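Working notes, beginning with the structure itself.
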Amino acid sequence: MKQPEFDFYDKTSLKSYNLDKTMRYQLDMLDTLDVFTRKHCENVAALTCRLCEYLHCNKGFTEYCTICAYLHDIGKLFIPPAILQKPDKLTDEEFEVMKTHTTLGYEMCMKDLKLRPYAAGPLYHHEALNGSGYPQGLTKKDIPYEGQIIRVADEYDAIVSKRQYKSHIGISDTLKILVDETKPSVTPNYSGTLNHLAEEAKLGKSNPVIVRTLFKVVIDDIEYEISCTQSYVDNLAEEIKRLKQMLKYKEKMEKAKSEKNKSYYEEGIKVLARPDETVDNLEQIHQEYIEAYQTRKAIIDNLYKEVKTIKKLKV
């Protein structure tokens, strides 16, 4: 029984843009990052690409934004491993060091002619619409659109990776966190002029339009997972039916009084049997299939509940 696997960050959209050619040099830069950070960069880029598609961005901007996303954490090359890979919460001093990955990544890109066009990725992905982000504390009007998109993709993957989801079950809790990011804070952390304070106080950290678009991406992913899981469940149902027939043959074989009838039913079992299935282990295998079927059916039910929950979220 091969378990189906799901990728939250399907690369199909990336391949459709032939990004493997335009990004070969940029991707080489990621090879020097630690495994976790490199995987995070790849995930954020894949999600950014999909967000751009759902936002109906043109092909050129989508390619550009995706490469910016690949490079958004490149500045972490210069963060001490003791801080970058610390499993516990960072101290205030350590967090200040971590925050420098934005400007360090920007400076690295600006010094390299091939990376320079994508310097916005490292610089803006932690800026917030209400001015509470870093490194510059910019507000909505000064944060490039690519930075706003990458911020949402980055926040989402950070939570997904931390919680180590094996399925989309429970993913609505992650989206609720992102919804909170779109709401204005009670006391906005804003260092600009008083003329803009009232306007920025109405904003949250993340762009609500992009977060709503993320909902569409996630719902499509969940529906795809439901489809794949349903196919697996249908296959399990067929296998259970086959095993049930074999168990009937086994029962009749054991009750048969003549060797001829015993051989007849034994042959029927052999015809239906898969490799490693024998008369002795039929009950165990049958039970395993039933348990797998029930587990996957429960997953499908929970995934439908996730879709309903997400559709009720308000941004």
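Going through the structure tokens in order, the chains are called A, B, and so on, while each chain numbers its residues from 1 and the ligands are numbered from 1 in the order shown.
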Excluding same-chain residues fewer than 3 positions from Leu203 of chain A, what lies within 7 Å of it counting only C-alpha atoms, as a list in words? Leu129, Asn130, Lys183, Pro184 and Glu200 of chain A
Surrounding residues of Pro81 of chain A excluding itself and chain neighbours under 4 positions, 12 Å, only C-alpha atoms, as a list in words: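 My reading of the contact set: Leu33, Asp34, Phe36, Thr37, Lys76, Leu77, Gln85, Lys86, Pro87, Glu94, Val97 and Met98 of chain A.
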Include C-alpha atoms and write out the residues we just selected as a PDB file, in the first residue's frame.
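Now in selection04.pdb:
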```pdb
ATOM      1  CA  LEU A  33      23.084  28.110   2.540  1.00  0.00           C
ATOM      2  CA  ASP A  34      22.237  25.527   5.187  1.00  0.00           C
ATOM      3  CA  PHE A  36      16.811  24.265   6.079  1.00  0.00           C
ATOM      4  CA  THR A  37      17.253  27.821   4.788  1.00  0.00           C
ATOM      5  CA  LYS A  76      21.553  34.569   6.135  1.00  0.00           C
ATOM      6  CA  LEU A  77      24.879  33.437   4.687  1.00  0.00           C
ATOM      7  CA  GLN A  85      20.150  27.485  13.736  1.00  0.00           C
ATOM      8  CA  LYS A  86      19.242  28.169  17.353  1.00  0.00           C
ATOM      9  CA  PRO A  87      16.258  25.947  18.258  1.00  0.00           C
ATOM     10  CA  GLU A  94      20.296  37.859  18.738  1.00  0.00           C
ATOM     11  CA  VAL A  97      21.611  40.326  14.503  1.00  0.00           C
ATOM     12  CA  MET A  98      19.119  38.117  12.646  1.00  0.00           C
TER      13      MET A  98
END
```
Contact residues around Glu266 of chain A with only C-alpha atoms at 9 Å, ignoring same-chain residues under 5 positions, as an mmCIF file with C-alpha atoms, in the first residue's frame:
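What follows is the written file selection12.cif:
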```cif
data_model
loop_
_atom_site.group_PDB
_atom_site.id
_atom_site.type_symbol
_atom_site.label_atom_id
_atom_site.label_comp_id
_atom_site.auth_asym_id
_atom_site.auth_seq_id
_atom_site.Cartn_x
_atom_site.Cartn_y
_atom_site.Cartn_z
ATOM 1 C CA TYR A 249 -12.479 -18.862 -0.860
ATOM 2 C CA LYS A 250 -10.329 -19.627 2.169
ATOM 3 C CA MET A 253 -11.494 -24.316 1.224
ATOM 4 C CA ASN A 261 -12.877 -28.801 -3.908
ATOM 5 C CA VAL A 271 -5.234 -16.304 -8.930
ATOM 6 C CA VAL A 279 -3.466 -18.117 2.913
#
```
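The coordinates place atom CA of Pro80 of chain A at 22.7 Å from atom CA of Asn43 of chain A.
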I need the residues of segment 180-295 of chain A that end up classed as alpha helix (DSSP H) by DSSP on the backbone, written out as a VMD selection string. chain A and resid 180 to 182 194 to 200 208 to 255 259 to 272 282 to 295
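The residue that comes closest to Lys270 of chain A, out of A:His286, A:Arg242, A:Arg296, A:Lys308 and on the basis of only C-alpha atoms, is A:Arg242.
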